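Source file: my_file.cif (mmCIF, N, CA, C and O atoms)
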```cif
data_my_file
loop_
_atom_site.label_atom_id
_atom_site.label_comp_id
_atom_site.auth_asym_id
_atom_site.auth_seq_id
_atom_site.Cartn_x
_atom_site.Cartn_y
_atom_site.Cartn_z
N MET E 1 68.75 115.96 113.18
CA MET E 1 67.89 115.92 112.02
C MET E 1 66.57 115.24 112.40
O MET E 1 66.53 114.11 112.82
N SER E 2 65.48 115.96 112.28
CA SER E 2 64.18 115.38 112.60
C SER E 2 63.43 115.07 111.31
O SER E 2 63.62 115.71 110.29
N ILE E 3 62.58 114.07 111.41
CA ILE E 3 61.78 113.66 110.26
C ILE E 3 60.37 114.22 110.43
O ILE E 3 59.73 113.99 111.45
N ASP E 4 59.92 114.96 109.44
CA ASP E 4 58.56 115.51 109.47
C ASP E 4 57.59 114.42 109.05
O ASP E 4 57.66 113.93 107.92
N PRO E 5 56.67 114.00 109.96
CA PRO E 5 55.77 112.89 109.61
C PRO E 5 54.79 113.23 108.50
O PRO E 5 54.21 112.34 107.88
N LEU E 6 54.59 114.51 108.22
CA LEU E 6 53.66 114.91 107.17
C LEU E 6 54.34 115.10 105.82
O LEU E 6 53.68 115.29 104.81
N GLU E 7 55.66 115.06 105.83
CA GLU E 7 56.40 115.22 104.58
C GLU E 7 56.35 113.90 103.81
O GLU E 7 56.62 112.84 104.35
N ARG E 8 55.95 113.99 102.55
CA ARG E 8 55.86 112.79 101.73
C ARG E 8 57.25 112.27 101.40
O ARG E 8 58.14 113.03 101.05
N GLY E 9 57.39 110.96 101.49
CA GLY E 9 58.64 110.33 101.11
C GLY E 9 58.71 110.16 99.61
O GLY E 9 57.76 110.45 98.87
N LEU E 10 59.83 109.66 99.16
CA LEU E 10 60.05 109.48 97.73
C LEU E 10 59.04 108.50 97.14
O LEU E 10 58.49 108.73 96.06
N GLU E 11 58.77 107.41 97.87
CA GLU E 11 57.82 106.41 97.37
C GLU E 11 56.43 107.01 97.21
O GLU E 11 55.76 106.78 96.20
N GLN E 12 55.98 107.81 98.19
CA GLN E 12 54.66 108.43 98.09
C GLN E 12 54.62 109.44 96.94
O GLN E 12 53.61 109.56 96.26
N SER E 13 55.71 110.16 96.74
CA SER E 13 55.75 111.12 95.63
C SER E 13 55.63 110.42 94.28
O SER E 13 54.91 110.89 93.39
N PHE E 14 56.33 109.30 94.14
CA PHE E 14 56.23 108.55 92.89
C PHE E 14 54.82 108.01 92.69
O PHE E 14 54.28 108.03 91.58
N GLU E 15 54.23 107.50 93.76
CA GLU E 15 52.86 106.96 93.68
C GLU E 15 51.87 108.05 93.27
O GLU E 15 51.01 107.85 92.41
N THR E 16 52.01 109.22 93.88
CA THR E 16 51.13 110.35 93.55
C THR E 16 51.31 110.76 92.09
O THR E 16 50.33 111.00 91.38
N GLU E 17 52.55 110.82 91.66
CA GLU E 17 52.82 111.19 90.27
C GLU E 17 52.25 110.15 89.31
O GLU E 17 51.66 110.49 88.28
N LYS E 18 52.36 108.87 89.66
CA LYS E 18 51.84 107.79 88.81
C LYS E 18 50.32 107.93 88.66
O LYS E 18 49.80 107.87 87.55
N TRP E 19 49.61 108.13 89.79
CA TRP E 19 48.15 108.27 89.72
C TRP E 19 47.75 109.54 88.99
O TRP E 19 46.79 109.55 88.21
N GLY E 20 48.47 110.62 89.22
CA GLY E 20 48.17 111.87 88.51
C GLY E 20 48.32 111.72 87.01
O GLY E 20 47.47 112.18 86.23
N ARG E 21 49.38 111.06 86.60
CA ARG E 21 49.60 110.84 85.17
C ARG E 21 48.50 109.95 84.58
O ARG E 21 47.98 110.24 83.50
N PHE E 22 48.14 108.90 85.32
CA PHE E 22 47.07 108.01 84.86
C PHE E 22 45.76 108.77 84.66
O PHE E 22 45.09 108.64 83.64
N ILE E 23 45.41 109.60 85.64
CA ILE E 23 44.16 110.36 85.58
C ILE E 23 44.18 111.36 84.42
O ILE E 23 43.21 111.48 83.67
N ARG E 24 45.30 112.07 84.26
CA ARG E 24 45.38 113.05 83.18
C ARG E 24 45.31 112.41 81.80
O ARG E 24 44.75 112.97 80.87
N GLU E 25 45.88 111.22 81.65
CA GLU E 25 45.97 110.59 80.34
C GLU E 25 44.80 109.66 80.02
O GLU E 25 44.65 109.25 78.87
N CYS E 26 43.97 109.35 81.00
CA CYS E 26 42.86 108.41 80.78
C CYS E 26 41.72 109.10 80.03
O CYS E 26 41.25 110.17 80.42
N ASP E 27 41.26 108.45 78.96
CA ASP E 27 40.16 108.99 78.16
C ASP E 27 38.84 108.27 78.41
O ASP E 27 37.80 108.71 77.92
N ASP E 28 38.89 107.17 79.15
CA ASP E 28 37.70 106.35 79.38
C ASP E 28 37.02 106.78 80.68
O ASP E 28 37.56 106.62 81.78
N LEU E 29 35.83 107.35 80.56
CA LEU E 29 35.10 107.87 81.72
C LEU E 29 34.80 106.77 82.75
O LEU E 29 34.92 106.99 83.95
N GLU E 30 34.45 105.59 82.29
CA GLU E 30 34.13 104.49 83.22
C GLU E 30 35.37 104.07 84.02
O GLU E 30 35.29 103.82 85.22
N THR E 31 36.51 104.02 83.36
CA THR E 31 37.76 103.69 84.05
C THR E 31 38.10 104.75 85.09
O THR E 31 38.50 104.43 86.22
N LEU E 32 37.92 106.02 84.72
CA LEU E 32 38.15 107.10 85.67
C LEU E 32 37.21 107.00 86.87
O LEU E 32 37.62 107.20 88.02
N ARG E 33 35.97 106.69 86.61
CA ARG E 33 34.96 106.56 87.67
C ARG E 33 35.36 105.42 88.64
O ARG E 33 35.35 105.60 89.85
N GLU E 34 35.73 104.27 88.09
CA GLU E 34 36.13 103.13 88.92
C GLU E 34 37.38 103.45 89.73
O GLU E 34 37.48 103.11 90.91
N THR E 35 38.32 104.12 89.09
CA THR E 35 39.56 104.51 89.77
C THR E 35 39.27 105.48 90.90
O THR E 35 39.79 105.33 92.02
N ALA E 36 38.43 106.46 90.63
CA ALA E 36 38.09 107.45 91.66
C ALA E 36 37.40 106.78 92.85
O ALA E 36 37.70 107.08 94.01
N LEU E 37 36.48 105.86 92.58
CA LEU E 37 35.79 105.17 93.67
C LEU E 37 36.75 104.30 94.48
O LEU E 37 36.66 104.23 95.70
N SER E 38 37.69 103.66 93.80
CA SER E 38 38.70 102.85 94.49
C SER E 38 39.59 103.72 95.38
O SER E 38 39.86 103.38 96.53
N LEU E 39 40.03 104.85 94.84
CA LEU E 39 40.86 105.77 95.62
C LEU E 39 40.08 106.36 96.80
O LEU E 39 40.63 106.55 97.88
N LEU E 40 38.81 106.63 96.60
CA LEU E 40 37.96 107.15 97.67
C LEU E 40 37.85 106.12 98.80
O LEU E 40 37.94 106.47 99.99
N GLN E 41 37.68 104.86 98.44
CA GLN E 41 37.61 103.80 99.45
C GLN E 41 38.93 103.68 100.21
O GLN E 41 38.94 103.54 101.44
N GLN E 42 40.04 103.75 99.49
CA GLN E 42 41.35 103.69 100.15
C GLN E 42 41.55 104.87 101.09
O GLN E 42 42.09 104.72 102.18
N LEU E 43 41.11 106.05 100.68
CA LEU E 43 41.22 107.23 101.53
C LEU E 43 40.39 107.07 102.80
O LEU E 43 40.85 107.39 103.90
N ALA E 44 39.18 106.53 102.67
CA ALA E 44 38.33 106.32 103.84
C ALA E 44 38.98 105.32 104.80
O ALA E 44 38.96 105.51 106.02
N GLN E 45 39.58 104.25 104.26
CA GLN E 45 40.27 103.27 105.10
C GLN E 45 41.47 103.89 105.79
O GLN E 45 41.73 103.63 106.97
N LEU E 46 42.21 104.72 105.07
CA LEU E 46 43.38 105.39 105.65
C LEU E 46 42.97 106.32 106.78
O LEU E 46 43.61 106.36 107.83
N LYS E 47 41.88 107.07 106.57
CA LYS E 47 41.40 107.98 107.61
C LYS E 47 40.93 107.20 108.84
O LYS E 47 41.20 107.60 109.98
N ALA E 48 40.25 106.08 108.62
CA ALA E 48 39.80 105.26 109.75
C ALA E 48 40.99 104.70 110.52
O ALA E 48 41.01 104.71 111.75
N ALA E 49 42.02 104.24 109.79
CA ALA E 49 43.21 103.70 110.45
C ALA E 49 43.94 104.80 111.22
O ALA E 49 44.39 104.58 112.35
N SER E 50 44.05 105.97 110.64
CA SER E 50 44.72 107.09 111.32
C SER E 50 43.97 107.49 112.58
O SER E 50 44.58 107.76 113.62
N SER E 51 42.66 107.53 112.49
CA SER E 51 41.84 107.87 113.65
C SER E 51 42.00 106.83 114.75
O SER E 51 42.14 107.16 115.93
N TRP E 52 42.01 105.56 114.37
CA TRP E 52 42.17 104.48 115.33
C TRP E 52 43.53 104.58 116.03
O TRP E 52 43.63 104.46 117.25
N MET E 53 44.58 104.83 115.24
CA MET E 53 45.93 104.94 115.82
C MET E 53 46.03 106.15 116.74
O MET E 53 46.64 106.07 117.81
N ALA E 54 45.44 107.26 116.37
CA ALA E 54 45.46 108.44 117.22
C ALA E 54 44.72 108.18 118.53
O ALA E 54 45.16 108.60 119.60
N SER E 55 43.62 107.47 118.45
CA SER E 55 42.85 107.13 119.64
C SER E 55 43.66 106.23 120.57
O SER E 55 43.69 106.44 121.78
N ARG E 56 44.34 105.23 120.00
CA ARG E 56 45.16 104.32 120.82
C ARG E 56 46.32 105.08 121.45
O ARG E 56 46.66 104.86 122.60
N ALA E 57 46.94 105.98 120.71
CA ALA E 57 48.05 106.77 121.24
C ALA E 57 47.57 107.65 122.39
O ALA E 57 48.25 107.78 123.41
N SER E 58 46.40 108.24 122.23
CA SER E 58 45.84 109.09 123.28
C SER E 58 45.53 108.26 124.53
O SER E 58 45.83 108.68 125.65
N GLU E 59 44.97 107.07 124.34
CA GLU E 59 44.69 106.20 125.48
C GLU E 59 45.97 105.81 126.20
O GLU E 59 46.03 105.78 127.43
N SER E 60 47.02 105.55 125.45
CA SER E 60 48.31 105.18 126.03
C SER E 60 48.88 106.34 126.85
O SER E 60 49.37 106.15 127.96
N GLU E 61 48.83 107.54 126.29
CA GLU E 61 49.32 108.72 127.01
C GLU E 61 48.52 108.96 128.29
O GLU E 61 49.08 109.27 129.34
N ASN E 62 47.20 108.80 128.19
CA ASN E 62 46.35 108.97 129.38
C ASN E 62 46.70 107.96 130.46
O ASN E 62 46.75 108.29 131.64
N ALA E 63 46.96 106.72 130.06
CA ALA E 63 47.33 105.68 131.02
C ALA E 63 48.66 106.03 131.70
O ALA E 63 48.80 105.87 132.92
N LYS E 64 49.61 106.51 130.93
CA LYS E 64 50.91 106.92 131.49
C LYS E 64 50.73 108.06 132.48
O LYS E 64 51.34 108.08 133.56
N LEU E 65 49.92 109.04 132.12
CA LEU E 65 49.69 110.18 133.02
C LEU E 65 48.99 109.76 134.30
O LEU E 65 49.31 110.25 135.39
N LYS E 66 48.06 108.81 134.20
CA LYS E 66 47.38 108.31 135.40
C LYS E 66 48.36 107.59 136.31
O LYS E 66 48.32 107.75 137.53
N MET E 67 49.26 106.78 135.72
CA MET E 67 50.26 106.09 136.53
C MET E 67 51.19 107.08 137.21
O MET E 67 51.53 106.94 138.39
N LEU E 68 51.61 108.11 136.49
CA LEU E 68 52.48 109.13 137.06
C LEU E 68 51.78 109.87 138.19
O LEU E 68 52.37 110.10 139.25
N ALA E 69 50.52 110.22 137.98
CA ALA E 69 49.76 110.90 139.03
C ALA E 69 49.63 110.02 140.26
O ALA E 69 49.74 110.50 141.40
N GLU E 70 49.42 108.73 140.06
CA GLU E 70 49.30 107.79 141.18
C GLU E 70 50.63 107.68 141.93
O GLU E 70 50.64 107.67 143.16
N LEU E 71 51.74 107.63 141.21
CA LEU E 71 53.05 107.59 141.86
C LEU E 71 53.30 108.85 142.69
O LEU E 71 53.78 108.77 143.82
N ILE E 72 52.96 109.99 142.14
CA ILE E 72 53.13 111.25 142.87
C ILE E 72 52.26 111.27 144.10
O ILE E 72 52.69 111.66 145.19
N ARG E 73 51.01 110.81 143.95
CA ARG E 73 50.10 110.78 145.09
C ARG E 73 50.63 109.85 146.18
O ARG E 73 50.63 110.19 147.37
N GLN E 74 51.13 108.67 145.78
CA GLN E 74 51.66 107.72 146.76
C GLN E 74 52.87 108.29 147.49
O GLN E 74 53.00 108.14 148.70
N ARG E 75 53.77 108.95 146.76
CA ARG E 75 54.95 109.55 147.39
C ARG E 75 54.54 110.66 148.35
O ARG E 75 55.12 110.81 149.42
N THR E 76 53.56 111.44 147.95
CA THR E 76 53.10 112.53 148.80
C THR E 76 52.47 112.00 150.07
O THR E 76 52.70 112.51 151.16
N GLU E 77 51.67 110.96 149.95
CA GLU E 77 50.99 110.37 151.11
C GLU E 77 51.98 109.66 152.03
O GLU E 77 51.80 109.67 153.23
N SER E 78 53.01 109.01 151.47
CA SER E 78 53.93 108.23 152.30
C SER E 78 54.94 109.11 153.02
O SER E 78 55.44 108.73 154.06
N SER E 79 55.22 110.29 152.52
CA SER E 79 56.16 111.19 153.19
C SER E 79 55.67 112.64 153.10
O SER E 79 56.24 113.44 152.40
N PRO E 80 54.63 112.96 153.85
CA PRO E 80 54.06 114.32 153.76
C PRO E 80 55.01 115.40 154.27
O PRO E 80 54.89 116.55 153.87
N ASP E 81 55.99 115.04 155.13
CA ASP E 81 56.90 116.04 155.67
C ASP E 81 58.08 116.34 154.74
O ASP E 81 58.71 117.37 154.85
N GLN E 82 58.33 115.41 153.83
CA GLN E 82 59.47 115.58 152.94
C GLN E 82 59.02 116.23 151.64
O GLN E 82 57.91 116.04 151.18
N GLU E 83 59.96 116.98 151.06
CA GLU E 83 59.68 117.65 149.79
C GLU E 83 59.88 116.68 148.64
O GLU E 83 60.84 115.92 148.61
N VAL E 84 58.96 116.66 147.69
CA VAL E 84 59.07 115.79 146.52
C VAL E 84 59.98 116.46 145.51
O VAL E 84 59.77 117.62 145.14
N PRO E 85 61.04 115.74 145.04
CA PRO E 85 61.99 116.36 144.07
C PRO E 85 61.38 116.58 142.72
O PRO E 85 60.51 116.00 142.27
#
```
Using structure tokens, write down the structure that the file contains.
Amino acid sequence: MSIDPLERGLEQSFETEKWGRFIRECDDLETLRETALSLLQQLAQLKAASSWMASRASESENAKLKMLAELIRQRTESSPDQEVP
């Protein structure tokens, strides 16, 4: 059983439903405006955090690949007559 990272969990579904209900039922334009701006700021922060995490993950993978390439190079140089498994 694999977990889809893009699938919303129960908590996120409830949160989305709560905000949707609030927006649909709100009659005060100023409250809606403030809420929208707050949600926009949260979205921007979430996108920045996601971008930062993706960048760190990419850097980590690149570092692992460089280490692997260096190990392969060292094995090849130390035993050029032997076949690398």
- What is the distance, in Å and to one decimal place, between atom CA of Glu59 of chain E and atom CA of Glu7 of chain E?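 Computing the Euclidean distance for atom CA of Glu59 of chain E and atom CA of Glu7 of chain E yields 25.6 Å.
What separates atom CA of Arg8 of chain E from atom CA of Ser50 of chain E is a distance of 15.8 Å.
If you look at atom O of Arg21 of chain E and atom CA of Arg33 of chain E, they are 14.2 Å away from each other.
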- Query: Residues of chain E in alpha helix (DSSP H) according to DSSP, as a ChimeraX atom specification?
  - Reply: /E:10-25,29-78
Can you sort out segment 49-60 of chain E so it carries all heavy atoms, written as a PDB file, keeping the file's coordinate frame?
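Once written, selection35.pdb looks like this:
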```pdb
ATOM      1  N   ALA E  49      42.020 104.240 109.790  1.00  0.00           N
ATOM      2  CA  ALA E  49      43.210 103.700 110.450  1.00  0.00           C
ATOM      3  C   ALA E  49      43.940 104.800 111.220  1.00  0.00           C
ATOM      4  O   ALA E  49      44.390 104.580 112.350  1.00  0.00           O
ATOM      5  CB  ALA E  49      44.145 103.071 109.411  1.00  0.00           C
ATOM      6  N   SER E  50      44.050 105.970 110.640  1.00  0.00           N
ATOM      7  CA  SER E  50      44.720 107.090 111.320  1.00  0.00           C
ATOM      8  C   SER E  50      43.970 107.490 112.580  1.00  0.00           C
ATOM      9  O   SER E  50      44.580 107.760 113.620  1.00  0.00           O
ATOM     10  CB  SER E  50      44.827 108.299 110.381  1.00  0.00           C
ATOM     11  OG  SER E  50      45.664 108.010 109.301  1.00  0.00           O
ATOM     12  N   SER E  51      42.660 107.530 112.490  1.00  0.00           N
ATOM     13  CA  SER E  51      41.840 107.870 113.650  1.00  0.00           C
ATOM     14  C   SER E  51      42.000 106.830 114.750  1.00  0.00           C
ATOM     15  O   SER E  51      42.140 107.160 115.930  1.00  0.00           O
ATOM     16  CB  SER E  51      40.374 107.977 113.224  1.00  0.00           C
ATOM     17  OG  SER E  51      39.554 108.228 114.333  1.00  0.00           O
ATOM     18  N   TRP E  52      42.010 105.560 114.370  1.00  0.00           N
ATOM     19  CA  TRP E  52      42.170 104.480 115.330  1.00  0.00           C
ATOM     20  C   TRP E  52      43.530 104.580 116.030  1.00  0.00           C
ATOM     21  O   TRP E  52      43.630 104.460 117.250  1.00  0.00           O
ATOM     22  CB  TRP E  52      42.022 103.128 114.636  1.00  0.00           C
ATOM     23  CG  TRP E  52      42.154 101.959 115.566  1.00  0.00           C
ATOM     24  CD1 TRP E  52      41.178 101.414 116.341  1.00  0.00           C
ATOM     25  CD2 TRP E  52      43.333 101.201 115.819  1.00  0.00           C
ATOM     26  NE1 TRP E  52      41.686 100.362 117.055  1.00  0.00           N
ATOM     27  CE2 TRP E  52      43.009 100.204 116.761  1.00  0.00           C
ATOM     28  CE3 TRP E  52      44.648 101.266 115.336  1.00  0.00           C
ATOM     29  CZ2 TRP E  52      43.931  99.287 117.233  1.00  0.00           C
ATOM     30  CZ3 TRP E  52      45.572 100.342 115.814  1.00  0.00           C
ATOM     31  CH2 TRP E  52      45.215  99.375 116.741  1.00  0.00           C
ATOM     32  N   MET E  53      44.580 104.830 115.240  1.00  0.00           N
ATOM     33  CA  MET E  53      45.930 104.940 115.820  1.00  0.00           C
ATOM     34  C   MET E  53      46.030 106.150 116.740  1.00  0.00           C
ATOM     35  O   MET E  53      46.640 106.070 117.810  1.00  0.00           O
ATOM     36  CB  MET E  53      46.983 105.018 114.703  1.00  0.00           C
ATOM     37  CG  MET E  53      47.152 103.702 113.980  1.00  0.00           C
ATOM     38  SD  MET E  53      48.539 103.591 112.808  1.00  0.00           S
ATOM     39  CE  MET E  53      48.622 105.178 112.062  1.00  0.00           C
ATOM     40  N   ALA E  54      45.440 107.260 116.370  1.00  0.00           N
ATOM     41  CA  ALA E  54      45.460 108.440 117.220  1.00  0.00           C
ATOM     42  C   ALA E  54      44.720 108.180 118.530  1.00  0.00           C
ATOM     43  O   ALA E  54      45.160 108.600 119.600  1.00  0.00           O
ATOM     44  CB  ALA E  54      44.846 109.636 116.492  1.00  0.00           C
ATOM     45  N   SER E  55      43.620 107.470 118.450  1.00  0.00           N
ATOM     46  CA  SER E  55      42.850 107.130 119.640  1.00  0.00           C
ATOM     47  C   SER E  55      43.660 106.230 120.570  1.00  0.00           C
ATOM     48  O   SER E  55      43.690 106.440 121.780  1.00  0.00           O
ATOM     49  CB  SER E  55      41.554 106.435 119.227  1.00  0.00           C
ATOM     50  OG  SER E  55      40.840 106.016 120.358  1.00  0.00           O
ATOM     51  N   ARG E  56      44.340 105.230 120.000  1.00  0.00           N
ATOM     52  CA  ARG E  56      45.160 104.320 120.820  1.00  0.00           C
ATOM     53  C   ARG E  56      46.320 105.080 121.450  1.00  0.00           C
ATOM     54  O   ARG E  56      46.660 104.860 122.600  1.00  0.00           O
ATOM     55  CB  ARG E  56      45.710 103.161 119.983  1.00  0.00           C
ATOM     56  CG  ARG E  56      44.668 102.225 119.394  1.00  0.00           C
ATOM     57  CD  ARG E  56      43.887 101.399 120.390  1.00  0.00           C
ATOM     58  NE  ARG E  56      42.614 101.860 120.839  1.00  0.00           N
ATOM     59  CZ  ARG E  56      41.507 102.112 120.152  1.00  0.00           C
ATOM     60  NH1 ARG E  56      41.500 102.039 118.861  1.00  0.00           N
ATOM     61  NH2 ARG E  56      40.393 102.471 120.722  1.00  0.00           N
ATOM     62  N   ALA E  57      46.940 105.980 120.710  1.00  0.00           N
ATOM     63  CA  ALA E  57      48.050 106.770 121.240  1.00  0.00           C
ATOM     64  C   ALA E  57      47.570 107.650 122.390  1.00  0.00           C
ATOM     65  O   ALA E  57      48.250 107.780 123.410  1.00  0.00           O
ATOM     66  CB  ALA E  57      48.685 107.619 120.136  1.00  0.00           C
ATOM     67  N   SER E  58      46.400 108.240 122.230  1.00  0.00           N
ATOM     68  CA  SER E  58      45.840 109.090 123.280  1.00  0.00           C
ATOM     69  C   SER E  58      45.530 108.260 124.530  1.00  0.00           C
ATOM     70  O   SER E  58      45.830 108.680 125.650  1.00  0.00           O
ATOM     71  CB  SER E  58      44.555 109.746 122.770  1.00  0.00           C
ATOM     72  OG  SER E  58      43.972 110.527 123.779  1.00  0.00           O
ATOM     73  N   GLU E  59      44.970 107.070 124.340  1.00  0.00           N
ATOM     74  CA  GLU E  59      44.690 106.200 125.480  1.00  0.00           C
ATOM     75  C   GLU E  59      45.970 105.810 126.200  1.00  0.00           C
ATOM     76  O   GLU E  59      46.030 105.780 127.430  1.00  0.00           O
ATOM     77  CB  GLU E  59      43.954 104.941 125.019  1.00  0.00           C
ATOM     78  CG  GLU E  59      42.527 105.191 124.590  1.00  0.00           C
ATOM     79  CD  GLU E  59      41.877 103.968 123.966  1.00  0.00           C
ATOM     80  OE1 GLU E  59      42.508 102.881 123.933  1.00  0.00           O
ATOM     81  OE2 GLU E  59      40.728 104.082 123.506  1.00  0.00           O
ATOM     82  N   SER E  60      47.020 105.550 125.450  1.00  0.00           N
ATOM     83  CA  SER E  60      48.310 105.180 126.030  1.00  0.00           C
ATOM     84  C   SER E  60      48.880 106.340 126.850  1.00  0.00           C
ATOM     85  O   SER E  60      49.370 106.150 127.960  1.00  0.00           O
ATOM     86  CB  SER E  60      49.280 104.776 124.926  1.00  0.00           C
ATOM     87  OG  SER E  60      50.559 104.512 125.450  1.00  0.00           O
TER      88      SER E  60
END
```
